[in-house]
Protein chains: 2
Amino acid sequence: MTEKPDFAKGNGLIPVIVQDVTSRRVLMLAYMNETAWTRTVETGLAHYWSRSRNALWLKGETSGHVQKVHAMYVDCDADTLLIVVEQSGAACHEGYASCFFRRFENGAFQVAEERVFDPKEVYKA
Amino acid sequence: MTEKPDFAKGNGLIPVIVQDVTSRRVLMLAYMNETAWTRTVETGLAHYWSRSRNALWLKGETSGHVQKVHAMYVDCDADTLLIVVEQSGAACHEGYASCFFRRFENGAFQVAEERVFDPKEVYKA
């Protein structure tokens, strides 16, 4: 039987840290439920649970910016995942390589990098 | 006035991803409330909110394994932090450099590295 993280503590959801295999940058934090975990294991592509849309979500299903899983780690409490991925395109829906594109400097969060794509071109109505 | 992350969405708590400035490894996931955030900004040492102990927590206050903050980033939704730290000793209370010391392989989570310290020696009664 396949082992799995502990989904019970977070009411069925666990936080998932996503790191780029090449740049080693942290790309985003997302959440998985057990179905998202199973789909990720079966397909090798990162699937999450969208808390805002209340829906299973293949990362990149709209943008094409899929995440191919290279490795998955669980933490000491078994309730948080770290997945190392090969990111197509960029992780952030705002067009940046990482969702963490604002750095805290001089008491404020300042955009610290350039966009990789134009969100208006990628997410068309 | 100093800007701060959005603590409202998570009932006063935000998840904080901690990355090592040298190895670039992800060390742990912790949580901050607004007081922990303010203390971290003021002291340059990572402070968290312990959800199990319901208490403010200077990382390393027992073990000496403090985290000196090099950079802090906020994500696109302003409700998750990434902090890049210089880690003294090791991050994980189980004695490993990172809390993510178990890798998913052949359907199970397998310990993928050696301990850096002996928890019994560091956390004495």
# chains A, B, ... in the order shown; residues from 1 in each chain; ligands from 1
call {"tool": "interface_residues", "arguments": {"of": "chain A", "to": "chain B", "cutoff": "6 Å", "atoms": "only C-alpha atoms", "output": "number ranges by chain"}}
result
A: 2-3, 72-76, 99-100, 102-104, 107-108
call {"tool": "residues_around", "arguments": {"residues": "B:Ala55", "least_positions_apart": "4", "cutoff": "12 Å", "atoms": "only C-alpha atoms", "output": "JSON, numbers by chain"}}
result
{"B": [31, 32, 33, 35, 36, 47, 48, 49, 50, 51, 59]}
call {"tool": "select_by_dssp", "arguments": {"residues": "stretch 12-111 of chain A", "states": "strand (DSSP E)", "output": "VMD selection string"}}
result
chain A and resid 14 to 20 26 to 32 47 to 50 55 to 58 67 to 74 81 to 87 102 to 105 108 to 111
call {"tool": "select_by_dssp", "arguments": {"residues": "chain B", "states": "alpha helix (DSSP H)", "output": "PyMOL selection string"}}
result
chain B and resi 34-43+119-122
call {"tool": "write_last_selection", "arguments": {"atoms": "N, CA and C atoms", "output": "short mmCIF file (atom, residue, chain, number, x, y, z; two decimals), in the first residue's frame"}}
result
data_model
loop_
_atom_site.label_atom_id
_atom_site.label_comp_id
_atom_site.auth_asym_id
_atom_site.auth_seq_id
_atom_site.Cartn_x
_atom_site.Cartn_y
_atom_site.Cartn_z
N GLU B 34 1.04 38.21 14.25
CA GLU B 34 1.58 39.56 14.04
C GLU B 34 2.71 39.87 15.02
N THR B 35 2.60 39.39 16.25
CA THR B 35 3.67 39.63 17.23
C THR B 35 4.97 38.94 16.79
N ALA B 36 4.86 37.71 16.32
CA ALA B 36 6.05 36.99 15.85
C ALA B 36 6.70 37.74 14.68
N TRP B 37 5.86 38.24 13.77
CA TRP B 37 6.35 39.03 12.64
C TRP B 37 7.12 40.26 13.15
N THR B 38 6.52 41.00 14.06
CA THR B 38 7.14 42.23 14.57
C THR B 38 8.46 41.92 15.27
N ARG B 39 8.48 40.89 16.10
CA ARG B 39 9.72 40.51 16.79
C ARG B 39 10.81 40.11 15.80
N THR B 40 10.40 39.40 14.74
CA THR B 40 11.37 38.97 13.72
C THR B 40 11.96 40.18 13.02
N VAL B 41 11.11 41.14 12.65
CA VAL B 41 11.58 42.36 11.98
C VAL B 41 12.52 43.15 12.91
N GLU B 42 12.14 43.25 14.18
CA GLU B 42 12.91 44.06 15.13
C GLU B 42 14.26 43.43 15.49
N THR B 43 14.29 42.10 15.61
CA THR B 43 15.50 41.44 16.12
C THR B 43 16.37 40.83 15.04
N PRO B 119 19.10 14.49 19.30
CA PRO B 119 18.08 15.26 20.03
C PRO B 119 18.16 15.06 21.54
N LYS B 120 18.53 13.88 21.98
CA LYS B 120 18.58 13.60 23.43
C LYS B 120 19.65 14.45 24.13
N GLU B 121 20.68 14.80 23.40
CA GLU B 121 21.74 15.64 23.97
C GLU B 121 21.34 17.11 24.00
N VAL B 122 20.54 17.53 23.03
CA VAL B 122 20.21 18.96 22.88
C VAL B 122 18.99 19.34 23.72
#
call {"tool": "residues_around", "arguments": {"residues": "B:His70", "least_positions_apart": "4", "cutoff": "9 Å", "atoms": "only C-alpha atoms", "output": "list in words"}}
result
Val21, Gly44, Ile83, Val84, Val85 and Glu86 of chain B
call {"tool": "write_last_selection", "arguments": {"atoms": "all heavy atoms", "output": "mmCIF file, in the first residue's frame"}}
result
data_model
loop_
_atom_site.group_PDB
_atom_site.id
_atom_site.type_symbol
_atom_site.label_atom_id
_atom_site.label_comp_id
_atom_site.auth_asym_id
_atom_site.auth_seq_id
_atom_site.Cartn_x
_atom_site.Cartn_y
_atom_site.Cartn_z
ATOM 1 N N VAL B 21 20.046 29.981 3.477
ATOM 2 C CA VAL B 21 20.693 30.904 2.531
ATOM 3 C C VAL B 21 21.880 30.254 1.833
ATOM 4 O O VAL B 21 22.200 30.602 0.687
ATOM 5 C CB VAL B 21 21.132 32.206 3.252
ATOM 6 C CG1 VAL B 21 22.251 31.966 4.259
ATOM 7 C CG2 VAL B 21 21.569 33.284 2.257
ATOM 8 N N GLY B 44 15.784 40.546 13.857
ATOM 9 C CA GLY B 44 16.534 39.852 12.820
ATOM 10 C C GLY B 44 16.676 38.363 13.080
ATOM 11 O O GLY B 44 17.392 37.665 12.355
ATOM 12 N N ILE B 83 11.058 33.086 4.231
ATOM 13 C CA ILE B 83 12.204 33.752 4.822
ATOM 14 C C ILE B 83 13.462 32.921 4.566
ATOM 15 O O ILE B 83 13.450 31.696 4.615
ATOM 16 C CB ILE B 83 12.027 34.096 6.323
ATOM 17 C CG1 ILE B 83 12.021 32.859 7.191
ATOM 18 C CG2 ILE B 83 10.759 34.895 6.569
ATOM 19 C CD1 ILE B 83 12.025 33.202 8.685
ATOM 20 N N VAL B 84 14.511 33.639 4.194
ATOM 21 C CA VAL B 84 15.798 33.014 3.887
ATOM 22 C C VAL B 84 16.696 33.291 5.085
ATOM 23 O O VAL B 84 16.854 34.447 5.489
ATOM 24 C CB VAL B 84 16.376 33.587 2.586
ATOM 25 C CG1 VAL B 84 17.721 32.937 2.265
ATOM 26 C CG2 VAL B 84 15.392 33.381 1.428
ATOM 27 N N VAL B 85 17.241 32.227 5.667
ATOM 28 C CA VAL B 85 17.928 32.365 6.956
ATOM 29 C C VAL B 85 19.308 31.728 6.943
ATOM 30 O O VAL B 85 19.608 30.839 6.144
ATOM 31 C CB VAL B 85 17.114 31.711 8.098
ATOM 32 C CG1 VAL B 85 15.710 32.288 8.179
ATOM 33 C CG2 VAL B 85 17.078 30.193 7.967
ATOM 34 N N GLU B 86 20.113 32.204 7.880
ATOM 35 C CA GLU B 86 21.356 31.531 8.231
ATOM 36 C C GLU B 86 21.040 30.675 9.454
ATOM 37 O O GLU B 86 20.718 31.222 10.519
ATOM 38 C CB GLU B 86 22.413 32.584 8.556
ATOM 39 C CG GLU B 86 23.782 32.053 8.861
ATOM 40 C CD GLU B 86 24.719 33.193 9.259
ATOM 41 O OE1 GLU B 86 24.562 34.316 8.723
ATOM 42 O OE2 GLU B 86 25.572 32.969 10.125
#
call {"tool": "residues_around", "arguments": {"residues": "A:Gly60", "least_positions_apart": "4", "cutoff": "10 Å", "atoms": "only C-alpha atoms", "output": "PDB file with all heavy atoms, in the first residue's frame"}}
result
ATOM      1  N   LEU A  45       2.535  14.813 -12.251  1.00  0.00           N
ATOM      2  CA  LEU A  45       2.291  16.255 -12.419  1.00  0.00           C
ATOM      3  C   LEU A  45       1.588  16.776 -11.166  1.00  0.00           C
ATOM      4  O   LEU A  45       0.662  16.123 -10.650  1.00  0.00           O
ATOM      5  CB  LEU A  45       1.402  16.519 -13.649  1.00  0.00           C
ATOM      6  CG  LEU A  45       2.023  16.175 -15.003  1.00  0.00           C
ATOM      7  CD1 LEU A  45       0.995  16.373 -16.117  1.00  0.00           C
ATOM      8  CD2 LEU A  45       3.268  17.031 -15.275  1.00  0.00           C
ATOM      9  N   ALA A  46       2.012  17.958 -10.696  1.00  0.00           N
ATOM     10  CA  ALA A  46       1.467  18.490  -9.447  1.00  0.00           C
ATOM     11  C   ALA A  46      -0.015  18.838  -9.587  1.00  0.00           C
ATOM     12  O   ALA A  46      -0.416  19.582 -10.488  1.00  0.00           O
ATOM     13  CB  ALA A  46       2.261  19.723  -9.013  1.00  0.00           C
ATOM     14  N   HIS A  47      -0.815  18.265  -8.683  1.00  0.00           N
ATOM     15  CA  HIS A  47      -2.239  18.582  -8.552  1.00  0.00           C
ATOM     16  C   HIS A  47      -2.455  19.166  -7.154  1.00  0.00           C
ATOM     17  O   HIS A  47      -1.861  18.683  -6.188  1.00  0.00           O
ATOM     18  CB  HIS A  47      -3.093  17.317  -8.678  1.00  0.00           C
ATOM     19  CG  HIS A  47      -3.173  16.750 -10.060  1.00  0.00           C
ATOM     20  ND1 HIS A  47      -2.090  16.183 -10.701  1.00  0.00           N
ATOM     21  CD2 HIS A  47      -4.222  16.666 -10.915  1.00  0.00           C
ATOM     22  CE1 HIS A  47      -2.480  15.760 -11.907  1.00  0.00           C
ATOM     23  NE2 HIS A  47      -3.763  16.034 -12.066  1.00  0.00           N
ATOM     24  N   GLY A  64      -0.919  26.179 -19.084  1.00  0.00           N
ATOM     25  CA  GLY A  64       0.092  25.289 -19.649  1.00  0.00           C
ATOM     26  C   GLY A  64       1.353  25.206 -18.804  1.00  0.00           C
ATOM     27  O   GLY A  64       2.279  24.466 -19.133  1.00  0.00           O
ATOM     28  N   HIS A  65       1.379  25.953 -17.698  1.00  0.00           N
ATOM     29  CA  HIS A  65       2.573  25.987 -16.856  1.00  0.00           C
ATOM     30  C   HIS A  65       2.560  24.853 -15.838  1.00  0.00           C
ATOM     31  O   HIS A  65       2.439  25.071 -14.641  1.00  0.00           O
ATOM     32  CB  HIS A  65       2.685  27.347 -16.167  1.00  0.00           C
ATOM     33  CG  HIS A  65       2.836  28.485 -17.122  1.00  0.00           C
ATOM     34  ND1 HIS A  65       2.621  29.795 -16.778  1.00  0.00           N
ATOM     35  CD2 HIS A  65       3.195  28.512 -18.437  1.00  0.00           C
ATOM     36  CE1 HIS A  65       2.825  30.577 -17.833  1.00  0.00           C
ATOM     37  NE2 HIS A  65       3.170  29.810 -18.839  1.00  0.00           N
ATOM     38  N   VAL A  66       2.679  23.633 -16.348  1.00  0.00           N
ATOM     39  CA  VAL A  66       2.616  22.457 -15.485  1.00  0.00           C
ATOM     40  C   VAL A  66       3.906  22.307 -14.676  1.00  0.00           C
ATOM     41  O   VAL A  66       4.928  22.911 -14.994  1.00  0.00           O
ATOM     42  CB  VAL A  66       2.359  21.167 -16.295  1.00  0.00           C
ATOM     43  CG1 VAL A  66       0.996  21.204 -16.968  1.00  0.00           C
ATOM     44  CG2 VAL A  66       3.462  20.928 -17.315  1.00  0.00           C
ATOM     45  N   GLN A  67       3.802  21.506 -13.634  1.00  0.00           N
ATOM     46  CA  GLN A  67       4.950  21.223 -12.759  1.00  0.00           C
ATOM     47  C   GLN A  67       5.196  19.717 -12.756  1.00  0.00           C
ATOM     48  O   GLN A  67       4.393  18.947 -12.231  1.00  0.00           O
ATOM     49  CB  GLN A  67       4.667  21.708 -11.338  1.00  0.00           C
ATOM     50  CG  GLN A  67       4.520  23.214 -11.257  1.00  0.00           C
ATOM     51  CD  GLN A  67       4.096  23.708  -9.884  1.00  0.00           C
ATOM     52  OE1 GLN A  67       3.464  22.980  -9.120  1.00  0.00           O
ATOM     53  NE2 GLN A  67       4.421  24.948  -9.578  1.00  0.00           N
ATOM     54  N   GLN A  87       9.458  23.309 -13.519  1.00  0.00           N
ATOM     55  CA  GLN A  87       8.352  24.237 -13.786  1.00  0.00           C
ATOM     56  C   GLN A  87       8.372  24.660 -15.259  1.00  0.00           C
ATOM     57  O   GLN A  87       9.354  25.226 -15.730  1.00  0.00           O
ATOM     58  CB  GLN A  87       8.502  25.470 -12.885  1.00  0.00           C
ATOM     59  CG  GLN A  87       7.535  26.606 -13.172  1.00  0.00           C
ATOM     60  CD  GLN A  87       6.110  26.276 -12.730  1.00  0.00           C
ATOM     61  OE1 GLN A  87       5.848  26.063 -11.573  1.00  0.00           O
ATOM     62  NE2 GLN A  87       5.187  26.235 -13.695  1.00  0.00           N
ATOM     63  N   SER A  88       7.282  24.395 -15.986  1.00  0.00           N
ATOM     64  CA  SER A  88       7.133  24.968 -17.334  1.00  0.00           C
ATOM     65  C   SER A  88       6.665  26.401 -17.191  1.00  0.00           C
ATOM     66  O   SER A  88       5.781  26.687 -16.369  1.00  0.00           O
ATOM     67  CB  SER A  88       6.079  24.203 -18.129  1.00  0.00           C
ATOM     68  OG  SER A  88       6.453  22.870 -18.279  1.00  0.00           O
ATOM     69  N   GLY A  89       7.230  27.304 -17.976  1.00  0.00           N
ATOM     70  CA  GLY A  89       6.802  28.702 -17.919  1.00  0.00           C
ATOM     71  C   GLY A  89       7.144  29.318 -16.583  1.00  0.00           C
ATOM     72  O   GLY A  89       8.315  29.406 -16.208  1.00  0.00           O
ATOM     73  N   ALA A  90       6.138  29.720 -15.830  1.00  0.00           N
ATOM     74  CA  ALA A  90       6.363  30.385 -14.549  1.00  0.00           C
ATOM     75  C   ALA A  90       5.282  29.946 -13.577  1.00  0.00           C
ATOM     76  O   ALA A  90       4.183  29.579 -13.977  1.00  0.00           O
ATOM     77  CB  ALA A  90       6.324  31.895 -14.734  1.00  0.00           C
ATOM     78  N   ALA A  91       5.598  29.991 -12.282  1.00  0.00           N
ATOM     79  CA  ALA A  91       4.667  29.468 -11.280  1.00  0.00           C
ATOM     80  C   ALA A  91       3.532  30.436 -10.962  1.00  0.00           C
ATOM     81  O   ALA A  91       2.408  30.027 -10.697  1.00  0.00           O
ATOM     82  CB  ALA A  91       5.420  29.133  -9.994  1.00  0.00           C
ATOM     83  N   HIS A  93       0.572  33.208 -11.136  1.00  0.00           N
ATOM     84  CA  HIS A  93      -0.457  33.655 -12.076  1.00  0.00           C
ATOM     85  C   HIS A  93      -0.324  35.136 -12.404  1.00  0.00           C
ATOM     86  O   HIS A  93      -0.949  35.619 -13.343  1.00  0.00           O
ATOM     87  CB  HIS A  93      -1.853  33.355 -11.521  1.00  0.00           C
ATOM     88  CG  HIS A  93      -2.249  34.235 -10.369  1.00  0.00           C
ATOM     89  ND1 HIS A  93      -1.670  34.123  -9.120  1.00  0.00           N
ATOM     90  CD2 HIS A  93      -3.127  35.244 -10.283  1.00  0.00           C
ATOM     91  CE1 HIS A  93      -2.201  35.028  -8.325  1.00  0.00           C
ATOM     92  NE2 HIS A  93      -3.082  35.726  -8.998  1.00  0.00           N
TER      93      HIS A  93
END
call {"tool": "atom_distance", "arguments": {"atom1": "atom CA of B:Gly10", "atom2": "atom CA of A:Glu114"}}
result
28.8 Å
call {"tool": "closest_residue", "arguments": {"among": "A:Ser52, A:Ala97, A:Lys9, A:Thr62", "to": "A:Ala30", "atoms": "only C-alpha atoms"}}
result
A:Ser52
call {"tool": "atom_distance", "arguments": {"atom1": "atom CA of B:Thr22", "atom2": "atom CA of A:Asp20"}}
result
16.1 Å
call {"tool": "atom_distance", "arguments": {"atom1": "atom CA of A:Lys68", "atom2": "atom CA of A:Ile14"}}
result
19.4 Å
call {"tool": "decode", "arguments": {"residues": "stretch 72-94 of chain A", "atoms": "N, CA and C atoms", "output": "short mmCIF file (atom, residue, chain, number, x, y, z; two decimals), in the first residue's frame"}}
result
data_model
loop_
_atom_site.label_atom_id
_atom_site.label_comp_id
_atom_site.auth_asym_id
_atom_site.auth_seq_id
_atom_site.Cartn_x
_atom_site.Cartn_y
_atom_site.Cartn_z
N MET A 72 9.57 14.27 -3.80
CA MET A 72 8.61 14.71 -2.79
C MET A 72 9.14 14.32 -1.42
N TYR A 73 9.02 15.24 -0.49
CA TYR A 73 9.50 15.02 0.88
C TYR A 73 8.37 15.35 1.85
N VAL A 74 8.35 14.65 2.98
CA VAL A 74 7.38 14.96 4.03
C VAL A 74 8.15 15.44 5.26
N ASP A 75 7.55 16.31 6.05
CA ASP A 75 8.28 16.84 7.21
C ASP A 75 8.14 15.92 8.43
N CYS A 76 8.82 16.30 9.50
CA CYS A 76 8.89 15.46 10.70
C CYS A 76 7.51 15.17 11.28
N ASP A 77 6.57 16.07 11.12
CA ASP A 77 5.21 15.85 11.62
C ASP A 77 4.31 15.15 10.61
N ALA A 78 4.82 14.89 9.41
CA ALA A 78 4.08 14.21 8.34
C ALA A 78 2.85 14.99 7.88
N ASP A 79 2.82 16.30 8.16
CA ASP A 79 1.64 17.08 7.77
C ASP A 79 1.97 18.24 6.84
N THR A 80 3.17 18.25 6.29
CA THR A 80 3.56 19.26 5.30
C THR A 80 4.42 18.58 4.25
N LEU A 81 4.19 18.92 2.99
CA LEU A 81 5.00 18.36 1.91
C LEU A 81 5.92 19.41 1.31
N LEU A 82 7.05 18.94 0.82
CA LEU A 82 7.93 19.73 -0.03
C LEU A 82 8.02 18.97 -1.34
N ILE A 83 7.64 19.61 -2.46
CA ILE A 83 7.83 18.93 -3.74
C ILE A 83 8.79 19.76 -4.59
N VAL A 84 9.70 19.05 -5.22
CA VAL A 84 10.71 19.67 -6.08
C VAL A 84 10.28 19.39 -7.51
N VAL A 85 10.12 20.46 -8.29
CA VAL A 85 9.49 20.31 -9.61
C VAL A 85 10.31 20.96 -10.72
N GLU A 86 10.02 20.47 -11.92
CA GLU A 86 10.47 21.15 -13.14
C GLU A 86 9.29 22.00 -13.60
N GLN A 87 9.46 23.31 -13.52
CA GLN A 87 8.35 24.24 -13.79
C GLN A 87 8.37 24.66 -15.26
N SER A 88 7.28 24.40 -15.99
CA SER A 88 7.13 24.97 -17.33
C SER A 88 6.66 26.40 -17.19
N GLY A 89 7.23 27.30 -17.98
CA GLY A 89 6.80 28.70 -17.92
C GLY A 89 7.14 29.32 -16.58
N ALA A 90 6.14 29.72 -15.83
CA ALA A 90 6.36 30.39 -14.55
C ALA A 90 5.28 29.95 -13.58
N ALA A 91 5.60 29.99 -12.28
CA ALA A 91 4.67 29.47 -11.28
C ALA A 91 3.53 30.44 -10.96
N CYS A 92 3.81 31.73 -10.98
CA CYS A 92 2.84 32.69 -10.44
C CYS A 92 1.86 33.18 -11.50
N HIS A 93 0.57 33.21 -11.14
CA HIS A 93 -0.46 33.65 -12.08
C HIS A 93 -0.32 35.14 -12.40
N GLU A 94 0.51 35.85 -11.64
CA GLU A 94 0.74 37.26 -11.97
C GLU A 94 1.89 37.44 -12.96
#
